[in-house]
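Source file: input-v7.cif. Holds: mmCIF, C-alpha atoms and all ligand atoms.
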data_entry
#
loop_
_atom_site.label_atom_id
_atom_site.label_comp_id
_atom_site.auth_asym_id
_atom_site.auth_seq_id
_atom_site.Cartn_x
_atom_site.Cartn_y
_atom_site.Cartn_z
CA MET A 1 -16.58 -16.74 2.05
CA ARG A 2 -19.28 -17.24 -0.61
CA GLY A 3 -19.45 -13.63 -1.72
CA ARG A 4 -19.78 -10.03 -0.67
CA LEU A 5 -22.52 -8.72 1.58
CA ILE A 6 -23.05 -5.06 0.79
CA HIS A 7 -24.23 -2.89 3.70
CA PHE A 8 -26.03 0.27 2.54
CA GLU A 9 -26.32 3.43 4.64
CA ASN A 10 -30.02 2.69 5.34
CA ARG A 11 -28.93 -0.66 6.91
CA HIS A 12 -30.30 -2.70 3.99
CA THR A 13 -27.98 -5.43 2.70
CA ALA A 14 -27.48 -7.17 -0.66
CA PHE A 15 -25.55 -10.38 -1.32
CA GLN A 16 -23.29 -10.68 -4.39
CA PRO A 17 -21.85 -14.18 -4.94
CA TYR A 18 -18.17 -14.44 -5.88
CA GLY A 19 -18.81 -17.28 -8.31
CA GLN A 20 -21.40 -19.93 -9.04
CA ARG A 21 -19.80 -23.33 -8.42
CA PRO A 22 -19.52 -24.94 -4.98
CA ASN A 23 -15.71 -24.50 -4.96
CA GLU A 24 -15.81 -20.83 -6.01
CA LEU A 25 -15.14 -19.45 -2.54
CA ASN A 26 -12.51 -17.21 -0.99
CA PHE A 27 -10.77 -18.34 2.18
CA SER A 28 -10.19 -16.05 5.14
CA VAL A 29 -7.17 -17.50 6.96
CA SER A 30 -4.98 -16.49 9.87
CA ARG A 31 -1.83 -14.83 8.55
CA HIS A 32 0.03 -15.82 11.71
CA ARG A 33 -0.88 -19.51 11.42
CA LEU A 34 -0.02 -19.54 7.72
CA ASN A 35 3.41 -18.01 8.41
CA GLN A 36 3.95 -20.55 11.17
CA ALA A 37 2.99 -23.45 8.89
CA LEU A 38 5.38 -22.27 6.14
CA ILE A 39 8.24 -21.94 8.62
CA GLU A 40 7.57 -25.42 10.00
CA VAL A 41 7.58 -26.94 6.51
CA ALA A 42 10.77 -25.06 5.53
CA ALA A 43 12.52 -26.17 8.72
CA GLU A 44 11.97 -29.82 7.78
CA LEU A 45 13.83 -29.48 4.46
CA PRO A 46 17.47 -30.50 4.19
CA GLY A 47 20.05 -27.73 3.89
CA ILE A 48 17.85 -25.05 5.46
CA SER A 49 18.90 -23.09 8.54
CA LEU A 50 16.64 -20.43 9.96
CA HIS A 51 17.99 -17.24 11.56
CA PHE A 52 15.40 -15.04 13.23
CA GLN A 53 16.07 -11.47 14.36
CA HIS A 54 18.58 -10.83 11.56
CA ARG A 55 18.18 -7.69 9.45
CA PHE A 56 19.72 -7.19 6.03
CA GLU A 57 21.30 -3.73 6.06
CA THR A 58 23.54 -3.05 3.07
CA ALA A 59 24.96 -4.81 0.03
CA ASP A 60 28.26 -4.42 -1.77
CA PHE A 61 27.27 -5.67 -5.22
CA SER A 62 30.75 -5.58 -6.76
CA GLY A 63 32.30 -7.36 -3.75
CA LYS A 64 29.21 -9.67 -3.60
CA THR A 65 28.78 -9.39 0.15
CA ALA A 66 25.87 -8.30 2.32
CA ARG A 67 25.91 -6.87 5.83
CA ILE A 68 23.35 -8.47 8.10
CA ARG A 69 22.69 -7.28 11.65
CA ASP A 70 22.10 -9.91 14.32
CA LEU A 71 19.60 -7.93 16.36
CA ALA A 72 19.78 -10.17 19.44
CA LYS A 73 23.57 -9.78 19.78
CA ASP A 74 23.66 -6.34 18.12
CA ARG A 75 26.53 -7.20 15.83
CA VAL A 76 26.96 -7.09 12.08
CA VAL A 77 27.99 -10.11 10.06
CA SER A 78 29.23 -10.07 6.49
CA VAL A 79 27.81 -12.83 4.28
CA PRO A 80 28.58 -13.75 0.66
CA MET A 81 25.81 -13.17 -1.89
CA GLN A 82 26.06 -16.36 -3.88
CA PRO A 83 23.38 -15.36 -4.82
CA MET A 84 21.02 -13.61 -2.39
CA LEU A 85 17.29 -13.88 -3.02
CA ALA A 86 15.51 -10.96 -1.37
CA THR A 87 11.99 -11.65 -0.09
CA ASP A 88 11.90 -8.60 2.18
CA GLY A 89 8.46 -7.34 1.20
CA ALA A 90 6.98 -4.12 -0.17
CA GLY A 91 9.50 -1.84 1.57
CA SER A 92 12.43 -4.02 0.39
CA SER A 93 15.82 -2.65 1.47
CA MET A 94 17.46 -4.77 -1.20
CA ARG A 95 15.30 -3.22 -3.95
CA ARG A 96 15.98 0.29 -2.71
CA GLN A 97 19.73 -0.36 -2.70
CA MET A 98 19.75 -1.99 -6.13
CA SER A 99 17.83 1.03 -7.42
CA ALA A 100 20.02 3.61 -5.61
CA GLN A 101 23.11 2.03 -7.16
CA GLY A 102 21.62 2.15 -10.66
CA LEU A 103 21.42 -1.64 -11.03
CA ILE A 104 17.65 -1.64 -11.58
CA ARG A 105 14.87 0.94 -12.07
CA ALA A 106 12.33 0.87 -9.26
CA GLY A 107 9.42 3.02 -8.11
CA GLU A 108 6.84 3.09 -5.33
CA THR A 109 3.40 4.67 -5.97
CA ASP A 110 1.38 5.98 -3.03
CA LEU A 111 -2.40 5.47 -3.42
CA GLU A 112 -3.00 8.53 -1.19
CA HIS A 113 -5.48 6.39 0.74
CA GLY A 114 -4.45 4.46 3.86
CA TYR A 115 -6.05 1.88 6.14
CA LYS A 116 -6.63 1.12 9.82
CA GLU A 117 -7.64 -2.18 11.36
CA LEU A 118 -10.58 -2.24 13.79
CA SER A 119 -12.24 -5.25 15.39
CA ILE A 120 -15.71 -6.71 15.77
CA PRO A 121 -15.60 -9.03 18.81
CA ALA A 122 -17.26 -12.47 18.81
CA GLY A 123 -20.77 -12.90 20.21
CA PRO A 124 -21.69 -15.20 23.10
CA GLY A 125 -19.94 -18.61 22.93
CA GLY A 126 -17.72 -17.56 20.00
CA SER A 127 -20.69 -16.96 17.69
CA PHE A 128 -20.53 -14.58 14.70
CA ARG A 129 -22.43 -11.32 15.18
CA LEU A 130 -22.67 -10.90 11.38
CA ALA A 131 -22.87 -13.62 8.69
CA GLY A 132 -19.64 -15.64 9.07
CA ASP A 133 -19.34 -16.90 5.50
CA VAL A 134 -19.13 -13.65 3.52
CA LEU A 135 -16.91 -10.59 3.12
CA HIS A 136 -18.82 -7.61 4.52
CA ILE A 137 -18.46 -4.31 2.67
CA TRP A 138 -19.77 -0.88 3.61
CA PRO A 139 -19.05 1.01 0.33
CA ARG A 140 -19.25 4.78 0.75
CA GLY A 141 -17.85 6.24 -2.49
CA ASN A 142 -14.46 7.65 -1.61
CA TYR A 143 -13.96 5.32 1.36
CA MET A 144 -15.15 1.97 2.68
CA LEU A 145 -15.13 -0.43 5.60
CA ILE A 146 -14.72 -4.17 5.14
CA ALA A 147 -14.84 -7.06 7.62
CA LEU A 148 -13.45 -10.59 7.31
CA PRO A 149 -14.45 -13.46 9.61
CA ASN A 150 -11.94 -15.12 11.97
CA ASP A 151 -12.12 -18.66 13.34
CA ASP A 152 -12.98 -17.46 16.86
CA GLY A 153 -16.21 -15.68 15.83
CA SER A 154 -14.63 -12.23 15.68
CA PHE A 155 -14.13 -10.14 12.52
CA THR A 156 -11.12 -8.10 11.46
CA ALA A 157 -12.52 -4.88 10.04
CA THR A 158 -10.44 -2.56 7.88
CA LEU A 159 -11.29 1.05 7.21
CA PHE A 160 -9.90 2.44 3.92
CA LEU A 161 -9.91 6.23 3.75
CA PRO A 162 -8.04 9.10 2.01
CA ASN A 163 -4.99 10.21 3.99
CA ARG A 164 -5.81 13.93 3.57
CA GLY A 165 -8.88 16.01 2.70
CA PRO A 166 -12.32 16.76 4.19
CA THR A 167 -13.07 13.15 5.23
CA SER A 168 -9.69 11.62 5.89
CA PHE A 169 -7.36 10.14 8.48
CA GLU A 170 -5.92 13.64 8.86
CA SER A 171 -9.30 15.31 9.50
CA LEU A 172 -10.55 12.66 11.95
CA ASN A 173 -8.31 13.72 14.79
CA ASP A 174 -10.32 13.62 18.02
CA SER A 175 -12.58 11.07 19.69
CA LYS A 176 -15.80 13.01 19.05
CA THR A 177 -15.20 13.42 15.30
CA ILE A 178 -14.11 9.80 14.95
CA ASP A 179 -17.20 8.55 16.79
CA GLU A 180 -19.54 10.75 14.74
CA PHE A 181 -17.91 9.67 11.49
CA LEU A 182 -18.13 5.95 12.28
CA THR A 183 -21.71 6.21 13.59
CA GLN A 184 -22.96 8.19 10.59
CA SER A 185 -21.10 6.23 7.92
CA PHE A 186 -21.46 2.68 9.26
CA PRO A 187 -24.30 2.70 11.85
CA ASP A 188 -24.81 -1.09 11.94
CA ALA A 189 -21.08 -1.84 12.12
CA ARG A 190 -20.44 0.84 14.76
CA GLU A 191 -22.87 -0.91 17.12
CA LEU A 192 -20.72 -4.05 16.88
CA MET A 193 -17.37 -2.28 17.45
CA PRO A 194 -17.37 -1.09 21.08
CA ASP A 195 -13.63 -0.31 20.99
CA ALA A 196 -13.59 1.35 17.58
CA VAL A 197 -12.74 4.88 18.75
CA ALA A 198 -9.90 3.70 21.00
CA GLU A 199 -8.59 1.37 18.24
CA PHE A 200 -8.83 4.14 15.65
CA SER A 201 -6.78 6.45 17.88
CA ALA A 202 -4.22 3.80 18.82
CA HIS A 203 -3.59 2.20 15.42
CA ALA A 204 -1.18 3.66 12.90
CA VAL A 205 -2.39 4.34 9.36
CA GLY A 206 -1.21 1.53 7.08
CA PHE A 207 0.43 2.39 3.76
CA LEU A 208 -1.32 1.45 0.51
CA GLY A 209 0.68 1.53 -2.65
CA ALA A 210 2.28 -0.40 -5.43
CA VAL A 211 5.88 -1.27 -6.22
CA SER A 212 7.32 -1.63 -9.66
CA ALA A 213 10.84 -2.69 -10.56
CA HIS A 214 12.75 -3.74 -13.66
CA PRO A 215 14.73 -5.90 -13.91
CA TRP A 216 14.31 -7.91 -10.72
CA HIS A 217 17.94 -9.01 -10.52
CA SER A 218 21.52 -7.87 -10.71
CA GLY A 219 23.51 -10.44 -12.65
CA ALA A 220 24.01 -13.60 -10.63
CA THR A 221 24.41 -11.69 -7.34
CA ALA A 222 20.94 -10.77 -6.10
CA ALA A 223 17.30 -11.08 -7.12
CA LEU A 224 13.94 -9.86 -5.88
CA ILE A 225 10.89 -12.07 -5.51
CA GLY A 226 7.40 -11.55 -4.04
CA ASP A 227 6.25 -8.16 -2.79
CA ALA A 228 9.86 -6.92 -2.92
CA ALA A 229 9.54 -7.06 -6.72
CA HIS A 230 5.86 -6.22 -7.28
CA ALA A 231 3.75 -5.24 -4.26
CA MET A 232 0.18 -4.24 -5.11
CA VAL A 233 -2.79 -2.72 -3.32
CA PRO A 234 -4.75 -5.44 -1.45
CA PHE A 235 -8.14 -5.11 -3.17
CA HIS A 236 -8.07 -8.30 -5.22
CA GLY A 237 -6.87 -10.47 -2.34
CA GLN A 238 -4.18 -11.82 -4.69
CA GLY A 239 -0.92 -10.42 -3.26
CA MET A 240 0.07 -13.59 -1.47
CA ASN A 241 -1.27 -15.91 -4.17
CA CYS A 242 0.76 -13.99 -6.71
CA CYS A 243 3.88 -14.53 -4.55
CA PHE A 244 3.19 -18.27 -4.41
CA GLU A 245 2.88 -18.28 -8.22
CA ASP A 246 6.29 -16.57 -8.27
CA CYS A 247 7.70 -19.51 -6.31
CA ILE A 248 6.34 -22.06 -8.81
CA GLU A 249 7.76 -20.13 -11.78
CA PHE A 250 11.07 -19.51 -10.01
CA ASP A 251 11.44 -23.19 -9.21
CA ALA A 252 10.84 -24.09 -12.87
CA CYS A 253 13.36 -21.48 -14.11
CA VAL A 254 16.05 -22.64 -11.68
CA ALA A 255 15.46 -26.27 -12.69
CA ARG A 256 15.93 -25.33 -16.38
CA HIS A 257 19.27 -23.69 -15.56
CA SER A 258 20.74 -26.43 -13.44
CA ARG A 259 24.30 -27.47 -14.52
CA SER A 260 26.55 -30.25 -13.36
CA ASP A 261 28.56 -27.71 -11.28
CA GLY A 262 25.67 -25.62 -9.94
CA TYR A 263 23.17 -23.22 -11.47
CA SER A 264 23.27 -20.46 -14.11
CA TRP A 265 21.71 -17.96 -11.74
CA ALA A 266 21.83 -14.89 -14.01
CA GLU A 267 19.94 -16.76 -16.76
CA ALA A 268 17.46 -18.25 -14.32
CA PHE A 269 16.76 -14.82 -12.77
CA ALA A 270 16.36 -13.17 -16.18
CA GLU A 271 13.97 -15.86 -17.40
CA PHE A 272 11.96 -15.67 -14.16
CA GLY A 273 11.52 -11.88 -14.44
CA ALA A 274 10.60 -12.07 -18.14
CA ALA A 275 7.97 -14.75 -17.48
CA ARG A 276 6.40 -13.15 -14.40
CA LYS A 277 6.48 -9.39 -14.93
CA PRO A 278 3.73 -9.14 -17.59
CA ASN A 279 1.48 -11.11 -15.23
CA THR A 280 2.40 -9.22 -12.06
CA ASP A 281 1.85 -5.90 -13.91
CA ALA A 282 -1.60 -7.17 -14.95
CA ILE A 283 -2.69 -8.17 -11.43
CA THR A 284 -1.28 -4.91 -10.00
CA ALA A 285 -3.51 -2.94 -12.38
CA MET A 286 -6.56 -5.15 -11.72
CA ALA A 287 -6.08 -4.87 -7.93
CA LEU A 288 -6.20 -1.08 -8.20
CA GLU A 289 -9.35 -1.22 -10.36
CA ASN A 290 -10.97 -3.41 -7.72
CA TYR A 291 -10.63 -0.62 -5.12
CA LEU A 292 -13.03 1.53 -7.14
CA GLU A 293 -15.30 -1.47 -7.65
CA MET A 294 -15.45 -2.28 -3.92
CA ARG A 295 -15.88 1.22 -2.53
CA GLU A 296 -18.24 2.54 -5.22
CA SER A 297 -19.48 0.30 -8.05
CA VAL A 298 -20.81 -2.61 -5.93
CA ALA A 299 -23.60 -0.34 -4.66
CA ASP A 300 -24.67 0.68 -8.20
CA PRO A 301 -27.69 -1.22 -9.71
CA LYS A 302 -26.03 -1.09 -13.19
CA PHE A 303 -22.98 -2.90 -11.77
CA GLN A 304 -25.26 -5.48 -10.16
CA LEU A 305 -26.95 -6.15 -13.52
CA ARG A 306 -23.55 -6.55 -15.21
CA GLN A 307 -22.53 -9.01 -12.48
CA ALA A 308 -25.72 -11.04 -12.88
CA LEU A 309 -25.30 -11.03 -16.67
CA SER A 310 -21.64 -12.13 -16.38
CA LEU A 311 -22.68 -15.17 -14.35
CA GLU A 312 -25.52 -15.95 -16.78
CA LEU A 313 -23.14 -15.73 -19.77
CA GLU A 314 -20.73 -18.05 -17.98
CA ARG A 315 -23.58 -20.55 -17.49
CA ARG A 316 -24.44 -20.39 -21.20
CA PHE A 317 -20.86 -20.23 -22.62
CA PRO A 318 -18.64 -21.73 -19.90
CA ARG A 319 -15.59 -22.24 -22.13
CA ARG A 320 -15.63 -18.75 -23.59
CA PHE A 321 -17.08 -16.28 -21.09
CA ILE A 322 -15.74 -16.45 -17.51
CA PRO A 323 -16.22 -13.30 -15.38
CA ARG A 324 -12.85 -11.57 -14.92
CA TYR A 325 -13.08 -11.88 -11.15
CA SER A 326 -13.56 -15.66 -11.49
CA MET A 327 -10.68 -15.97 -14.00
CA VAL A 328 -8.37 -14.30 -11.47
CA MET A 329 -9.64 -15.97 -8.31
CA PHE A 330 -10.79 -19.46 -9.34
CA HIS A 331 -8.90 -20.35 -12.53
CA HIS A 332 -5.24 -20.55 -11.63
CA GLU A 333 -4.51 -22.05 -15.05
CA ILE A 334 -5.47 -18.69 -16.62
CA PRO A 335 -2.54 -16.25 -16.32
CA TYR A 336 -3.31 -12.78 -14.93
CA LEU A 337 -2.42 -11.15 -18.26
CA THR A 338 -4.94 -13.33 -20.14
CA ALA A 339 -7.61 -12.51 -17.54
CA GLN A 340 -6.90 -8.80 -17.93
CA ARG A 341 -7.02 -8.88 -21.75
CA ARG A 342 -10.16 -11.01 -22.00
CA GLY A 343 -11.67 -8.83 -19.26
CA VAL A 344 -11.41 -5.78 -21.54
CA THR A 345 -13.23 -7.59 -24.37
CA GLN A 346 -15.87 -8.94 -21.98
CA ASP A 347 -16.43 -5.46 -20.55
CA GLU A 348 -17.16 -4.14 -24.05
CA ILE A 349 -19.62 -6.97 -24.65
CA LEU A 350 -21.34 -6.35 -21.30
CA SER A 351 -21.58 -2.59 -21.94
CA GLY A 352 -23.23 -3.18 -25.33
CA LEU A 353 -25.67 -5.77 -24.01
CA THR A 354 -26.76 -3.82 -20.91
CA GLN A 355 -27.29 -0.50 -22.68
CA GLY A 356 -30.89 0.50 -21.90
CA ALA A 357 -31.51 -2.79 -20.01
CA GLY A 358 -32.90 -2.86 -16.47
CA ALA A 359 -33.02 -6.62 -15.86
CA LEU A 360 -31.72 -9.91 -17.32
CA SER A 361 -35.04 -10.37 -19.14
CA ASP A 362 -34.17 -7.30 -21.29
CA ILE A 363 -30.94 -8.85 -22.61
CA ASP A 364 -30.70 -9.98 -26.23
CA PHE A 365 -28.99 -13.37 -25.76
CA GLY A 366 -28.91 -14.02 -29.51
CA ARG A 367 -26.67 -10.98 -29.94
CA ALA A 368 -24.64 -12.08 -26.90
CA GLU A 369 -23.94 -15.46 -28.52
CA LEU A 370 -22.80 -13.92 -31.82
CA GLU A 371 -20.47 -11.46 -30.07
CA ILE A 372 -19.01 -14.03 -27.71
CA ILE A 373 -18.28 -16.52 -30.50
CA ALA A 374 -16.71 -13.78 -32.64
CA LYS A 375 -14.59 -12.14 -29.93
CA LEU A 376 -13.75 -14.74 -27.28
CA PRO A 377 -11.95 -17.90 -28.47
CA PRO A 378 -12.48 -20.94 -26.22
CA LEU A 379 -10.13 -21.12 -23.23
C1 LIG B 401 -3.86 -4.60 4.27
C2 LIG B 401 -3.36 -5.77 3.43
C3 LIG B 401 -4.24 -6.82 3.15
C4 LIG B 401 -3.82 -7.88 2.36
N1 LIG B 401 -4.72 -8.87 2.07
C5 LIG B 401 -4.34 -9.90 1.29
C6 LIG B 401 -5.27 -10.94 0.97
O1 LIG B 401 -6.43 -10.90 1.38
N2 LIG B 401 -4.85 -11.96 0.18
C7 LIG B 401 -3.59 -12.02 -0.31
O2 LIG B 401 -3.26 -12.99 -1.03
N3 LIG B 401 -2.67 -11.07 -0.02
C8 LIG B 401 -3.03 -10.01 0.77
N4 LIG B 401 -2.12 -9.03 1.07
C9 LIG B 401 -0.78 -9.09 0.45
C10 LIG B 401 0.17 -10.05 1.15
O3 LIG B 401 0.23 -9.73 2.53
C11 LIG B 401 1.55 -9.91 0.52
O4 LIG B 401 1.45 -10.01 -0.89
C12 LIG B 401 2.49 -11.02 0.99
O5 LIG B 401 2.57 -11.02 2.41
C13 LIG B 401 3.88 -10.78 0.41
O6 LIG B 401 4.74 -11.78 0.84
P1 LIG B 401 6.30 -11.54 0.87
O7 LIG B 401 6.88 -12.76 1.49
O8 LIG B 401 6.79 -11.13 -0.48
O9 LIG B 401 6.51 -10.27 1.81
P2 LIG B 401 6.09 -10.06 3.33
O10 LIG B 401 4.97 -10.97 3.73
O11 LIG B 401 5.92 -8.59 3.50
O12 LIG B 401 7.36 -10.55 4.14
C14 LIG B 401 8.57 -9.82 4.15
C15 LIG B 401 9.42 -10.32 5.28
O13 LIG B 401 10.71 -9.72 5.19
C16 LIG B 401 11.07 -9.25 6.46
N5 LIG B 401 12.00 -8.11 6.25
C17 LIG B 401 11.71 -6.85 5.83
N6 LIG B 401 12.83 -6.12 5.74
C18 LIG B 401 13.86 -6.93 6.09
C19 LIG B 401 15.27 -6.75 6.20
N7 LIG B 401 15.87 -5.60 5.92
N8 LIG B 401 16.02 -7.81 6.61
C20 LIG B 401 15.43 -9.02 6.89
N9 LIG B 401 14.10 -9.24 6.81
C21 LIG B 401 13.32 -8.21 6.42
C22 LIG B 401 9.77 -8.85 7.13
O14 LIG B 401 9.91 -8.83 8.54
C23 LIG B 401 8.85 -9.97 6.65
O15 LIG B 401 8.95 -11.09 7.48
C24 LIG B 401 -2.49 -7.94 1.85
C25 LIG B 401 -1.60 -6.89 2.16
C26 LIG B 401 -2.03 -5.81 2.93
C27 LIG B 401 -1.06 -4.69 3.22
#
Take the structure in the file and give it back as structure tokens.
Ligand SMILES: Cc1cc2nc3c(=O)[nH]c(=O)nc-3n(C[C@H](O)[C@H](O)[C@H](O)COP(=O)(O)OP(=O)(O)OC[C@H]3O[C@@H](n4cnc5c(N)ncnc54)[C@H](O)[C@@H]3O)c2cc1C
Amino acid sequence: MRGRLIHFENRHTAFQPYGQRPNELNFSVSRHRLNQALIEVAAELPGISLHFQHRFETADFSGKTARIRDLAKDRVVSVPMQPMLATDGAGSSMRRQMSAQGLIRAGETDLEHGYKELSIPAGPGGSFRLAGDVLHIWPRGNYMLIALPNDDGSFTATLFLPNRGPTSFESLNDSKTIDEFLTQSFPDARELMPDAVAEFSAHAVGFLGAVSAHPWHSGATAALIGDAAHAMVPFHGQGMNCCFEDCIEFDACVARHSRSDGYSWAEAFAEFGAARKPNTDAITAMALENYLEMRESVADPKFQLRQALSLELERRFPRRFIPRYSMVMFHHEIPYLTAQRRGVTQDEILSGLTQGAGALSDIDFGRAELEIIAKLPPL
């Protein structure tokens, strides 16, 4: 996807590129196929055995054993935690148990907005009924609809809405109200979603929230990684990438604590958490900020000028000024924390330069150069 296509209520559209180089694209991939590919690769590695349909239930941290239920045979097996690395996602049972037993401090924040998936079917012969190389957004202030292209010409649309209140999942509770809401709010999208009312009624509201925990381990017995340690709201499209970055850091930490008779797990876990948490905290905060940007700011002409100016400043000062979105999405060598900190400075510069300006031709680029050189060291 090359950028966002904003759909206004009057059916007009505006394109906002994600970046400005040919490789500055976001990829919309099948979650199912990705999971399958990862499992296939893991299965090829020596020393790996895969057990499906097994649910971790409880842990005895002092006895270092975990109870795992074999769902197919409905029996519980006791396994040693030597150690156990929990990758059980945002609702992690391991995290909740570590927290309940006072081994870590952990919290879950509810965004008070939820989401539902709807679908836009493919056109004739698997063709796209909207542009197939962009992320579509219908920003409506306190709520929004987005749609991402699939390989088969269809789109997965996601409606983000407050859980309670005048326009909310709670208030939209019969077919007529749902239909009216979708038709009034997203007229062009509604025409492409023949099953939207039935899907809206049938689909559960998805939870949106963030997870925070500290530390991410209990001695050498158990550790959290991925969403189990730091789930975030999905508005930066970085949740999974952040988990893959975890894996790279974790691998490096474990390698540094390899001994002739095994590994110093407690040290490796502690080092991993210390290295990653400042960065996962930064992307968690930026992901939340992006919700406001997507549902509200993208439709604002002032935001559009700031975006255009950001890209122009990157063209003029490519080693010093990189739009925050690009630092996060296209520069994996720039840690999330650095992107967040430089983003604050860049925001101040953009605010100063765009004050009273209506177009790029009004910008004082001499002042821009002085400020950028003074405040943004080369990357
Ligand atoms: C609406 C939405 C949109 C998103 N969009 C994006 C995006 O565009 N880009 C992006 O990078 N990220 C996105 N994400 C985030 C991404 O999905 C997660 O960051 C990523 O899947 C986390 O990987 P994980 O392996 O840590 O956890 P998960 O993928 O959640 O996997 C956890 C696994 O643990 C299993 N499990 C749970 N409990 C137990 C138990 N007790 N015992 C055994 N197994 C258990 C689950 O079945 C699951 O297989 C999105 C998330 C949401 C909710």
Can you work out the spacing between CA of Met286 (chain A) and CA of His12 (chain A) in Å, to one decimal?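 Rounded to one decimal, the two atoms are 28.6 Å apart.
Separating CA of Thr158 (chain A) from CA of Tyr115 (chain A) is a distance of 6.5 Å.
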If I take CA of Ser168 (chain A) and CA of Gly114 (chain A), how far is one from the other in Å, to one decimal? 9.1 Å
Please build the interface table for chain A against ligand LIG 401 (chain B) with a cut-off of 8 Å, listing for each qualifying residue the nearest atom pair and the distance in Å to one decimal; count all atoms listed in the file, order rows by chain and increasing number, and write it as a tab-separated table.
residue	atom	partner	partner_atom	distance
A:Ser28	CA	B:LIG401	O1	7.4
A:Gln53	CA	B:LIG401	C20	7.9
A:His54	CA	B:LIG401	C20	5.9
A:Arg55	CA	B:LIG401	N8	3.6
A:Phe56	CA	B:LIG401	N8	3.8
A:Glu57	CA	B:LIG401	N7	5.7
A:Ile68	CA	B:LIG401	N8	7.5
A:Thr87	CA	B:LIG401	O8	5.2
A:Asp88	CA	B:LIG401	O13	3.4
A:Gly89	CA	B:LIG401	O9	3.6
A:Ala90	CA	B:LIG401	O11	5.9
A:Gly91	CA	B:LIG401	N6	6.8
A:Ser92	CA	B:LIG401	N6	5.8
A:Ser93	CA	B:LIG401	N7	5.3
A:Met94	CA	B:LIG401	N7	7.3
A:Tyr115	CA	B:LIG401	C1	7.1
A:Thr158	CA	B:LIG401	C1	7.8
A:Gly206	CA	B:LIG401	C1	7.2
A:Phe207	CA	B:LIG401	C27	7.3
A:Leu208	CA	B:LIG401	C27	6.7
A:Ile225	CA	B:LIG401	O8	6.6
A:Gly226	CA	B:LIG401	O8	3.6
A:Asp227	CA	B:LIG401	O8	3.8
A:Ala228	CA	B:LIG401	O8	5.8
A:Ala229	CA	B:LIG401	O8	7.9
A:Ala231	CA	B:LIG401	O4	6.3
A:Met232	CA	B:LIG401	O4	7.3
A:Val233	CA	B:LIG401	C25	7.0
A:Pro234	CA	B:LIG401	C4	4.6
A:Phe235	CA	B:LIG401	N1	7.3
A:His236	CA	B:LIG401	N2	7.3
A:Gly237	CA	B:LIG401	N2	3.6
A:Gln238	CA	B:LIG401	O2	4.0
A:Gly239	CA	B:LIG401	O4	3.4
A:Met240	CA	B:LIG401	O2	3.4
A:Asn241	CA	B:LIG401	O2	4.7
A:Cys242	CA	B:LIG401	O2	7.0
A:Cys243	CA	B:LIG401	O8	6.0
Distance criterion (all atoms listed in the file): nearest to Asp133 (chain A) out of A:Met98, A:Leu34, A:Leu148, A:Ile363: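 Ranking A:Met98, A:Leu34, A:Leu148, A:Ile363 by distance to Asp133 (chain A), first place goes to A:Leu148.
Using all atoms listed in the file for every distance, the candidate list A:Phe8, A:Thr183, A:Leu379, A:Gly343 yields A:Leu379 as the residue closest to Pro318 (chain A).
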Close residues, region 334-336 of chain A itself excluded, 12 Å, only C-alpha atoms, min 2 positions apart in chain, as a ChimeraX atom specification: /A:236,238,241-242,245-246,249,275-287,322,324-332,338-343,379
Please tell me which residues are no farther than 9 Å from (-20.2, -4.6, -3.1) in the file, counting all atoms listed in the file, and write them as a PyMOL selection string. chain A and resi 4-7+14-16+136-139+293-300+304
Test item: residues at most 12 Å from Arg259 (chain A), only C-alpha atoms, excluding those fewer than 6 positions along its chain, as a PDB file with C-alpha atoms, in the frame of the given file:
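See around-v2.pdb below for the written result:
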ATOM      1  CA  TRP A 265      21.710 -17.960 -11.740  1.00  0.00           C
ATOM      2  CA  GLU A 267      19.940 -16.760 -16.760  1.00  0.00           C
ATOM      3  CA  ALA A 268      17.460 -18.250 -14.320  1.00  0.00           C
TER       4      ALA A 268
END
How big is the axis-aligned box, and where does its centre sit, when it encloses all atoms of region 102-113 of chain A listed in the file and has 3 Å added on every side, reported in Å to one decimal as JSON?
{"center_x": 8.1, "center_y": 3.4, "center_z": -5.7, "size_x": 33.1, "size_y": 16.2, "size_z": 18.8}
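A search radius of 8 Å centred on (-9.8, -20.0, -23.4), applied to all atoms listed in the file, returns the residues Arg319, Arg320, Leu376, Pro377, Pro378 and Leu379 of chain A.
Of the listed residues A:Ile104, A:Ala131, A:Leu182, A:Val79, the one whose atoms come nearest to Leu145 (chain A) is A:Leu182, with distances taken using all atoms listed in the file.
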Among A:Glu117, A:Ser218, A:Ala308, A:Thr13, Ile146 (chain A) is approached most closely, using all atoms listed in the file, by A:Glu117
Report as a tab-separated table the residues of region 142-241 of chain A within 8 Å of region 270-273 of chain A, each with its shortest atom pair and distance in Å (one decimal), using all atoms listed in the file, ordered by chain and increasing residue number.
residue	atom	partner	partner_atom	distance
A:Pro215	CA	A:Gly273	CA	6.8
A:Trp216	CA	A:Gly273	CA	6.1
A:His217	CA	A:Ala270	CA	7.2
With all atoms listed in the file as the basis for distance, which of A:Val205, A:Met1, A:Ala42, A:Met81 is at the shortest distance from Pro162 (chain A)?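 Using all atoms listed in the file, the shortest distance to Pro162 (chain A) belongs to A:Val205.
Nearest residue to Phe303 (chain A) among A:Pro22, A:Gly358, A:Ser264, A:Leu288 is A:Gly358, counting all atoms listed in the file.
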Using all atoms listed in the file, which protein or nucleic acid residues come within 6 Å of region 23-26 of chain A? Drop anything in the same chain fewer than 2 positions from it, and give the result as a count of residues only. 4
